[in-house]
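S.K.: Structure file data_18.txt, compact mmCIF, C-alpha atoms, is pasted below:
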# COMPACT_ATOMS: atom_id res chain seq x y z
CA MET A 1 -19.29 8.60 -2.03
CA THR A 2 -19.76 11.67 -4.18
CA THR A 3 -20.73 10.97 -7.77
CA ASN A 4 -21.88 14.42 -8.89
CA ASN A 5 -18.45 15.83 -9.55
CA VAL A 6 -19.62 18.99 -11.31
CA ASN A 7 -21.03 20.33 -8.05
CA ARG A 8 -17.68 20.03 -6.28
CA ALA A 9 -16.39 23.34 -4.93
CA VAL A 10 -13.29 24.90 -3.44
CA GLY A 11 -12.93 23.83 0.17
CA ASP A 12 -14.67 20.47 -0.29
CA GLN A 13 -12.92 17.75 1.67
CA LEU A 14 -12.12 14.53 -0.16
CA ALA A 15 -13.00 11.10 1.21
CA GLY A 16 -10.04 10.81 3.56
CA PHE A 17 -9.55 7.98 6.00
CA GLU A 18 -7.22 6.45 8.56
CA ARG A 19 -5.35 3.23 7.95
CA GLN A 20 -2.96 1.26 10.10
CA ILE A 21 0.03 0.18 8.03
CA SER A 22 0.66 -3.28 9.44
CA GLN A 23 3.61 -5.42 8.41
CA ASP A 24 1.05 -7.75 6.80
CA ARG A 25 -0.01 -4.89 4.53
CA VAL A 26 3.63 -4.17 3.69
CA ASN A 27 4.22 -7.85 2.89
CA ALA A 28 1.14 -7.90 0.65
CA TYR A 29 2.29 -4.74 -1.09
CA ALA A 30 5.67 -6.37 -1.80
CA GLU A 31 3.83 -9.21 -3.54
CA ALA A 32 1.67 -6.79 -5.50
CA SER A 33 4.44 -4.46 -6.64
CA GLY A 34 7.26 -7.00 -6.89
CA ASP A 35 9.38 -4.77 -4.65
CA HIS A 36 10.96 -7.18 -2.19
CA ASN A 37 13.65 -4.78 -1.01
CA PRO A 38 14.71 -6.12 2.42
CA ILE A 39 14.39 -2.67 3.93
CA HIS A 40 10.64 -3.32 3.82
CA LEU A 41 10.65 -6.99 4.78
CA ASP A 42 13.76 -8.06 6.70
CA GLU A 43 14.05 -6.62 10.20
CA SER A 44 17.66 -7.70 10.70
CA TYR A 45 18.70 -6.05 7.45
CA ALA A 46 16.60 -2.96 8.12
CA ALA A 47 18.29 -2.55 11.50
CA THR A 48 21.53 -1.80 9.65
CA THR A 49 20.02 1.05 7.63
CA GLN A 50 19.60 4.71 8.47
CA PHE A 51 16.05 3.97 9.65
CA GLY A 52 17.00 1.26 12.11
CA THR A 53 13.88 -0.77 11.37
CA ARG A 54 11.63 -1.77 8.50
CA ILE A 55 9.77 0.93 6.60
CA ALA A 56 6.68 0.73 4.43
CA HIS A 57 7.01 1.26 0.69
CA GLY A 58 6.53 4.92 -0.14
CA MET A 59 4.32 3.82 -3.01
CA LEU A 60 2.04 2.08 -0.51
CA SER A 61 1.34 5.40 1.16
CA LEU A 62 0.78 6.96 -2.25
CA ALA A 63 -1.55 4.09 -3.17
CA LEU A 64 -3.70 5.01 -0.17
CA VAL A 65 -3.88 8.58 -1.43
CA THR A 66 -5.03 7.36 -4.83
CA GLU A 67 -7.70 5.22 -3.13
CA MET A 68 -9.10 8.45 -1.72
CA LEU A 69 -9.00 10.08 -5.16
CA ALA A 70 -10.72 7.11 -6.78
CA THR A 71 -13.45 7.20 -4.13
CA SER A 72 -13.88 10.97 -4.33
CA PHE A 73 -13.89 11.08 -8.14
CA PRO A 74 -15.15 7.65 -9.16
CA ASN A 75 -15.90 8.51 -12.77
CA THR A 76 -12.89 10.59 -13.65
CA TRP A 77 -9.82 9.93 -11.51
CA HIS A 78 -8.65 6.99 -13.60
CA SER A 79 -9.49 8.76 -16.84
CA GLY A 80 -7.55 11.97 -16.80
CA GLY A 81 -6.29 12.36 -13.25
CA LYS A 82 -2.78 13.60 -12.51
CA LEU A 83 -0.76 13.88 -9.32
CA LYS A 84 2.58 15.18 -8.18
CA VAL A 85 3.88 14.39 -4.69
CA ARG A 86 6.98 14.41 -2.56
CA PHE A 87 7.86 11.71 -0.08
CA SER A 88 8.87 13.50 3.07
CA ALA A 89 9.17 10.85 5.77
CA PRO A 90 9.03 7.07 6.06
CA VAL A 91 6.04 5.24 7.52
CA PHE A 92 6.93 2.48 9.94
CA PRO A 93 4.86 -0.70 10.15
CA GLY A 94 2.34 -0.39 12.96
CA GLU A 95 1.78 3.32 12.41
CA THR A 96 -1.67 4.63 11.59
CA VAL A 97 -1.69 7.20 8.81
CA VAL A 98 -4.32 9.77 7.92
CA VAL A 99 -5.06 10.22 4.22
CA TYR A 100 -6.43 13.64 3.41
CA GLY A 101 -7.39 15.87 0.54
CA GLU A 102 -9.16 19.13 -0.21
CA ILE A 103 -10.22 20.90 -3.38
CA THR A 104 -8.19 24.10 -3.62
CA SER A 105 -9.40 25.38 -6.97
CA VAL A 106 -11.83 24.62 -9.77
CA SER A 107 -11.04 25.93 -13.21
CA ASP A 108 -12.49 25.73 -16.68
CA SER A 109 -10.33 24.33 -19.44
CA ASP A 110 -10.71 23.12 -23.01
CA ASP A 111 -11.36 19.68 -21.51
CA GLY A 112 -14.00 20.93 -19.08
CA LEU A 113 -13.94 21.64 -15.37
CA ILE A 114 -10.75 20.63 -13.59
CA ALA A 115 -10.37 20.40 -9.79
CA THR A 116 -6.99 20.95 -8.20
CA CYS A 117 -6.63 19.27 -4.81
CA SER A 118 -4.07 19.31 -2.06
CA ILE A 119 -3.46 15.69 -1.10
CA GLY A 120 -1.34 13.76 1.33
CA CYS A 121 -0.82 11.16 3.98
CA LYS A 122 0.11 12.16 7.53
CA LYS A 123 2.00 10.18 10.14
CA PRO A 124 0.74 9.87 13.71
CA ASP A 125 2.81 12.89 14.77
CA GLY A 126 1.09 15.04 12.14
CA THR A 127 4.02 15.27 9.76
CA ASP A 128 3.49 14.47 6.12
CA ALA A 129 4.76 11.17 4.80
CA VAL A 130 3.46 12.11 1.36
CA ALA A 131 2.19 15.48 0.22
CA GLY A 132 1.42 17.17 -3.05
CA ARG A 133 -1.41 17.97 -5.36
CA ALA A 134 -3.70 16.30 -7.84
CA THR A 135 -5.75 17.56 -10.74
CA VAL A 136 -8.92 15.71 -11.68
CA PRO A 137 -11.49 16.31 -14.43
CA LEU A 138 -14.91 16.97 -12.96
CA GLU A 139 -16.90 15.97 -16.04
CA MET B 1 30.68 -5.86 -7.45
CA ALA B 2 29.59 -4.36 -10.76
CA GLU B 3 29.18 -0.62 -10.79
CA PRO B 4 25.48 0.27 -10.57
CA LEU B 5 24.04 1.72 -13.76
CA ILE B 6 23.02 4.86 -11.89
CA SER B 7 26.72 5.73 -11.76
CA THR B 8 27.29 5.54 -15.51
CA ALA B 9 23.98 6.06 -17.30
CA THR B 10 23.62 9.32 -19.15
CA VAL B 11 20.52 11.44 -19.64
CA GLY B 12 18.44 9.96 -22.42
CA HIS B 13 19.31 6.36 -21.52
CA ILE B 14 16.33 4.11 -22.28
CA PHE B 15 15.22 1.35 -19.91
CA GLY B 16 12.86 -1.40 -20.92
CA PRO B 17 10.38 -1.82 -22.36
CA TYR B 18 9.09 -3.74 -19.37
CA ASP B 19 6.04 -5.96 -19.35
CA VAL B 20 4.00 -4.58 -16.46
CA THR B 21 0.88 -6.64 -17.04
CA ILE B 22 -0.71 -7.17 -13.63
CA SER B 23 -2.06 -10.62 -12.84
CA ALA B 24 -5.15 -11.31 -10.76
CA GLU B 25 -2.91 -12.58 -7.96
CA ARG B 26 -1.01 -9.31 -7.81
CA ALA B 27 -4.23 -7.30 -7.99
CA HIS B 28 -5.55 -9.33 -5.07
CA ALA B 29 -2.35 -8.70 -3.09
CA TYR B 30 -2.75 -4.99 -3.80
CA ALA B 31 -6.29 -5.04 -2.44
CA THR B 32 -5.02 -6.80 0.69
CA ALA B 33 -2.30 -4.20 1.11
CA VAL B 34 -4.30 -1.01 0.68
CA GLY B 35 -7.94 -2.05 1.04
CA GLY B 36 -10.44 -1.00 3.65
CA ASP B 37 -14.16 -0.55 4.16
CA GLU B 38 -14.17 2.70 2.19
CA SER B 39 -12.11 1.45 -0.74
CA PRO B 40 -13.53 1.85 -4.23
CA ASP B 41 -14.77 -1.20 -6.13
CA TYR B 42 -12.43 -1.60 -9.09
CA GLY B 43 -14.34 -4.55 -10.52
CA ASP B 44 -12.13 -6.15 -13.15
CA SER B 45 -9.92 -3.06 -13.38
CA LEU B 46 -6.74 -2.00 -11.62
CA ALA B 47 -5.56 0.97 -9.67
CA PRO B 48 -3.09 2.49 -12.18
CA ILE B 49 -0.66 3.27 -9.37
CA LEU B 50 0.02 -0.47 -9.14
CA VAL B 51 1.19 -0.47 -12.76
CA VAL B 52 3.48 2.45 -11.92
CA ALA B 53 4.86 0.59 -8.90
CA ALA B 54 5.51 -2.53 -10.98
CA ALA B 55 7.48 -0.48 -13.50
CA LEU B 56 9.39 1.28 -10.75
CA THR B 57 10.47 -2.05 -9.26
CA LYS B 58 11.90 -3.20 -12.59
CA LEU B 59 13.59 0.14 -13.10
CA ILE B 60 15.27 0.06 -9.70
CA GLU B 61 16.56 -3.43 -10.45
CA ASP B 62 18.00 -2.27 -13.77
CA LEU B 63 19.61 0.78 -12.17
CA GLY B 64 21.39 -1.54 -9.76
CA LEU B 65 19.89 0.16 -6.74
CA TYR B 66 19.43 -3.03 -4.74
CA SER B 67 23.24 -3.24 -4.47
CA ALA B 68 24.67 -3.56 -0.99
CA GLY B 69 26.03 -0.28 0.30
CA LEU B 70 23.52 1.88 -1.55
CA GLN B 71 20.65 3.67 0.08
CA THR B 72 17.91 4.90 -2.20
CA ILE B 73 15.31 7.47 -1.23
CA HIS B 74 12.19 7.79 -3.33
CA ALA B 75 11.89 11.56 -3.22
CA GLY B 76 9.11 12.40 -5.64
CA GLN B 77 6.51 10.93 -7.94
CA GLU B 78 4.30 12.20 -10.71
CA VAL B 79 1.57 10.16 -12.38
CA SER B 80 -1.00 10.85 -15.08
CA TRP B 81 -3.46 8.33 -16.44
CA SER B 82 -5.94 8.45 -19.28
CA ARG B 83 -8.08 5.33 -18.97
CA GLN B 84 -8.89 2.31 -16.84
CA VAL B 85 -6.67 -0.77 -17.13
CA LYS B 86 -8.10 -4.28 -16.82
CA ILE B 87 -6.56 -6.99 -14.71
CA GLY B 88 -4.37 -9.06 -17.02
CA GLU B 89 -4.37 -6.43 -19.76
CA GLN B 90 -1.03 -6.14 -21.54
CA VAL B 91 0.77 -2.96 -20.58
CA GLU B 92 4.34 -2.04 -21.46
CA ALA B 93 6.47 0.55 -19.73
CA THR B 94 9.42 2.31 -21.35
CA ALA B 95 11.57 4.56 -19.22
CA LYS B 96 14.04 7.31 -20.04
CA LEU B 97 16.60 8.85 -17.74
CA ALA B 98 15.53 12.50 -17.69
CA ALA B 99 18.10 13.82 -15.21
CA ASN B 100 21.12 12.42 -13.41
CA SER B 101 23.38 14.65 -11.35
CA ILE B 102 25.71 14.35 -8.38
CA ARG B 103 25.50 16.78 -5.48
CA ARG B 104 27.52 16.33 -2.32
CA GLY B 105 28.21 12.74 -3.26
CA ASN B 106 24.56 11.85 -3.79
CA HIS B 107 22.98 10.97 -7.12
CA PHE B 108 19.78 12.80 -7.98
CA ALA B 109 18.02 11.02 -10.81
CA THR B 110 14.68 11.51 -12.50
CA VAL B 111 13.22 8.84 -14.74
CA ALA B 112 10.24 9.46 -17.01
CA VAL B 113 8.07 6.47 -17.95
CA SER B 114 5.51 6.00 -20.71
CA TYR B 115 2.90 3.23 -20.46
CA THR B 116 1.38 1.79 -23.62
CA ASP B 117 -1.36 -0.74 -24.25
CA ALA B 118 -1.30 -3.66 -26.69
CA SER B 119 -2.09 -1.28 -29.55
CA GLY B 120 0.87 0.90 -28.70
CA VAL B 121 -1.33 3.72 -27.46
CA GLU B 122 0.00 5.67 -24.51
CA ILE B 123 -2.35 5.28 -21.56
CA GLY B 124 -0.29 6.88 -18.81
CA THR B 125 2.95 8.54 -17.84
CA SER B 126 4.97 8.83 -14.68
CA SER B 127 8.09 10.53 -13.44
CA THR B 128 10.12 9.31 -10.48
CA THR B 129 12.83 11.22 -8.64
CA ILE B 130 15.27 9.27 -6.51
CA ILE B 131 18.28 10.15 -4.40
CA VAL B 132 21.00 7.54 -4.09
CA SER B 133 23.72 7.64 -1.50
CA GLY B 134 26.48 5.23 -0.56
CA GLU B 135 30.02 4.46 -1.59
CA ALA B 136 29.16 3.04 -5.00
CA ALA B 137 27.00 6.03 -5.84
CA SER B 138 29.69 8.66 -5.63
Translate this structure into structure tokens?
M.R.:
Amino acid sequence: MTTNNVNRAVGDQLAGFERQISQDRVNAYAEASGDHNPIHLDESYAATTQFGTRIAHGMLSLALVTEMLATSFPNTWHSGGKLKVRFSAPVFPGETVVVYGEITSVSDSDDGLIATCSIGCKKPDGTDAVAGRATVPLE
Amino acid sequence: MAEPLISTATVGHIFGPYDVTISAERAHAYATAVGGDESPDYGDSLAPILVVAAALTKLIEDLGLYSAGLQTIHAGQEVSWSRQVKIGEQVEATAKLAANSIRRGNHFATVAVSYTDASGVEIGTSSTTIIVSGEAAS
């Protein structure tokens, strides 16, 4: 874990990781978020949708991305962090996703040093399920 | 079936406020859902994205997007947060419809949300873009 944020530089990789999105994780996320939409939980219902099977909550994939940001910027992500992402593809239970991030710029502002990062979550075929950028204070 | 609110709500429509206080049980479920060996230790605090998700769930219910025949795609999300939130801390979310248009029979809606603590101080914001398709949407 990196705690000395001020020394972060362009090109630094964030603390990415792989995670298998099991149906158990999806079920737990439904309890956490309150989102019990059957497209996430009910296989017979999900079979009638455009996806043909259950899909994970998009916000679950985004939550994984924010885990990486909280680990990479433990002192500042939750106190001034911002993100903007697009959801590009569904994640199906059983798939293993790769959460990634990289610092693309560091700039000085009235509030101090700010890192801009490309962030996302890739599906097993390499396509992005979630992609976007985050800005995080470095001090 | 009642017409979903997404079909009739105009820009500026206010949703909520919603109580999005997160209990210890829900925080535990979140840790089960997303956690791993490399996960950060939140202690008695929450990942703010869980508060955003809780508000989004209530918003989708109010918009009538769980109606049969509708398919909703969560297309985009923005989040900003200014301080840690404790498990069980009172947080309220108030949402405003920021955009709502129809293109090729699909609704494109953006909802902006403000999160406030028990003192009424804003501690975060979010913006959600959704695309709704289906017979009742057009």
S.K.: When the cut-off is 6 Å and we count only C-alpha atoms, which residues of chain A are near chain B, given as JSON, numbers by chain?
M.R.: {"A": [25, 28, 29, 32, 33, 35, 71, 78, 79, 80, 81, 82, 83, 84, 85, 86, 87]}
S.K.: Find the distance between CA of Asp12 in chain A and CA of Glu102 in chain A and write it in Å to one decimal.
M.R.: 5.7 Å
S.K.: From the list A:Pro38, A:Thr48, A:Ala129, A:Gly16, which residue is nearest Leu60 in chain A when using only C-alpha atoms?
M.R.: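 Ranked by minimum distance to Leu60 in chain A, first place goes to A:Ala129.
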S.K.: Report the distance between CA of Asp117 in chain B and CA of Val11 in chain B in Å, rounded to one decimal place.
M.R.: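 Value for the CA of Asp117 in chain B-CA of Val11 in chain B distance: 25.5 Å.
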S.K.: How would you write as a list in words the residues that get within 7 Å of (-4.6, 13.1, 1.4) in the file's frame, counting all atoms listed in the file?
M.R.: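 Residues satisfying the cut-off, written out: Gly16, Val65, Val99, Tyr100, Gly101, Ile119, Gly120 and Cys121 of chain A.
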S.K.: Tell me which protein, DNA and RNA residues are within 8 Å of Val97 in chain A, counting only C-alpha atoms, leaving out same-chain ones fewer than 5 positions away, and put them as a PyMOL selection string.
M.R.: chain A and resi 18-21+121-124
S.K.: One number please: CA of Thr116 in chain B to CA of Cys117 in chain A, in Å, one decimal.
M.R.: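 Going from CA of Thr116 in chain B over to CA of Cys117 in chain A, I get 26.9 Å.
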